[in-house]
Amino acid sequence: MPTIELSAGPIDYADTGGDGPVVVFTHGFPMNETQWRKVVPLLADYRCVLPTLPLGAHRRPMREDADLSQRGQALLVGELLERLGLEDVTLVLNDWGGPQFLLSEGRAERVGRLVLVACEAFDNFPPPPARPLVQLAKVPGGVWLLMRLLGTKFFRHHEKAYGGLSKHGIPDEVLDSWFAPATRDGKIRRDLAKFAVSTPEREVLLRWTARLGDFDRPVLVVWAPEDRMMPRAHGRRLAELFPQGRLVEITDSWTLVPEDQPERLAEVLREFLPA
């Protein structure tokens with residue numbers, strides 16, 4: 001897997017290559033590019049780029065002084081697009097909603113289209129079921145304990161942990177790849193904690209969100225009406241926020257639509273992506 005050195009540190013990324021329109025997929029916390037493993041093969045006509053951002057499943061630690069906050073990570077996505085020379089990108093989010101703040105910061109000049117798939121929005125950072133895990137990250141040794149708990153089948157598959165993200169379940173080998181880096185490396189745990197405790201106050205989140213309406217390019221909002229993490233009303237509110245926003249709901253799924261309904265999601269993406 002290629003690596004690019006950014007201001008925060010080394011970022012691994014997968015790149016399917018080719019001359020097709022560029023689609024950049026971000027991921028959740030702590031997850032990696034395998035979150036999209038079922039969808040990317042269904043988009044063979046497109047150049048798919050999948051960075052592993054420093055959200056806790058990254059394989060090498062970031063610099064000690066790296067800004068890994070919500071805003072810092074969003075700007076890191078913009079830096080990645082610039083350094084890779086990617087233009088007119090379709091940026092696709094799922095679960096973690098932070099990359100939308102690239103728009104709020106006025107740094108979306110390389111983004112031609114935006115897809116928001118069942119992700120954090122408005123003041124839902126993080127969703128209520130995940131907040132106890134974030135509180136644990138604030139306690140000395142808390143991330144170490146969290147990773148040990150996520151190593152157990154009972155805890156990782158519990159509905160208030162990762163069992164609440166996928167209606168049809170996430171295979172243990174995938175979860176293992178997400179949790180292994182922070183389990184074995186204290187510096188990765190440091191990075192994870194920096195991000196986990198970085199969510200700004202509600203007023204700041206809503207102020208950032210209000211700026212999204214300035215993005216006047218096509219936006220597709222894909223929501224899962226049965227989702228336990230992302231309120232159904234947020235999907236419509238997001239679609240209405242953007243001048244060119246459109247909402248599609250996908251049933252029989254929770255937050256991780258790429259896991260639960262990859263074929264339907266790929267179909268919806270193909271209808272939206274440039275030819």
# chains A, B, ... in the order shown; residues from 1 in each chain; ligands from 1
>>> select_by_dssp(residues="stretch 56-183 of chain A", states="strand (DSSP E or B)", output="ChimeraX atom specification")
/A:89-95,111-119
>>> write_last_selection(atoms="N, CA and C atoms", output="tab-separated table (two decimals), in the first residue's frame")
chain	number	residue	atom	x	y	z
A	89	VAL	N	-12.94	15.91	-7.33
A	89	VAL	CA	-13.12	14.67	-6.59
A	89	VAL	C	-14.57	14.53	-6.10
A	90	THR	N	-15.06	13.30	-6.11
A	90	THR	CA	-16.28	12.99	-5.35
A	90	THR	C	-15.83	12.46	-4.00
A	91	LEU	N	-16.14	13.20	-2.94
A	91	LEU	CA	-15.72	12.84	-1.59
A	91	LEU	C	-16.87	12.12	-0.90
A	92	VAL	N	-16.61	10.90	-0.42
A	92	VAL	CA	-17.65	10.05	0.16
A	92	VAL	C	-17.34	9.80	1.64
A	93	LEU	N	-18.31	10.12	2.49
A	93	LEU	CA	-18.17	9.94	3.94
A	93	LEU	C	-19.12	8.84	4.41
A	94	ASN	N	-18.74	8.15	5.46
A	94	ASN	CA	-19.64	7.24	6.16
A	94	ASN	C	-19.19	7.12	7.61
A	95	ASP	N	-20.13	7.19	8.51
A	95	ASP	CA	-19.90	7.11	9.96
A	95	ASP	C	-19.27	8.39	10.49
A	111	VAL	N	-13.08	19.51	-4.38
A	111	VAL	CA	-14.24	18.62	-4.24
A	111	VAL	C	-15.32	19.05	-5.23
A	112	GLY	N	-15.62	18.17	-6.19
A	112	GLY	CA	-16.65	18.48	-7.18
A	112	GLY	C	-18.03	18.01	-6.77
A	113	ARG	N	-18.06	16.93	-5.96
A	113	ARG	CA	-19.32	16.34	-5.48
A	113	ARG	C	-19.08	15.78	-4.09
A	114	LEU	N	-20.14	15.74	-3.33
A	114	LEU	CA	-20.06	15.24	-1.95
A	114	LEU	C	-21.14	14.19	-1.72
A	115	VAL	N	-20.75	13.09	-1.07
A	115	VAL	CA	-21.71	12.05	-0.69
A	115	VAL	C	-21.61	11.83	0.81
A	116	LEU	N	-22.71	12.02	1.50
A	116	LEU	CA	-22.77	11.83	2.96
A	116	LEU	C	-23.60	10.58	3.23
A	117	VAL	N	-22.95	9.52	3.66
A	117	VAL	CA	-23.62	8.24	3.89
A	117	VAL	C	-23.74	8.03	5.40
A	118	ALA	N	-24.95	8.13	5.92
A	118	ALA	CA	-25.22	7.83	7.34
A	118	ALA	C	-24.05	8.24	8.23
A	119	CYS	N	-23.85	9.53	8.37
A	119	CYS	CA	-22.69	10.02	9.10
A	119	CYS	C	-23.09	11.03	10.16
>>> residues_around(residues="stretch 165-169 of chain A", least_positions_apart="6", cutoff="7 Å", atoms="only C-alpha atoms", output="JSON, numbers by chain")
{"A": [253, 254, 255, 256, 259, 260]}
>>> residues_around(residues="stretch 206-221 of chain A", least_positions_apart="5", cutoff="6 Å", atoms="only C-alpha atoms", output="list in words")
Ser104, Arg113, Leu114, Val115, Leu116, Phe122, Ala239, Leu241, Phe242, Pro243, Gln244, Gly245, Arg246 and Leu247 of chain A
>>> residues_around(residues="A:Leu86", least_positions_apart="3", cutoff="8 Å", atoms="only C-alpha atoms", output="list in words")
Val22, Leu81, Glu82, Arg83, Val89 and Arg110 of chain A
>>> closest_residue(among="A:Glu240, A:Glu263, A:Glu79, A:Asp123", to="A:Leu205", atoms="only C-alpha atoms")
A:Asp123
>>> closest_residue(among="A:Val257, A:Val197, A:Phe179, A:Ala161", to="A:Leu136", atoms="only C-alpha atoms")
A:Val197
>>> closest_residue(among="A:Ala233, A:Val23, A:Val204, A:Ala266", to="A:Phe101", atoms="only C-alpha atoms")
A:Val204
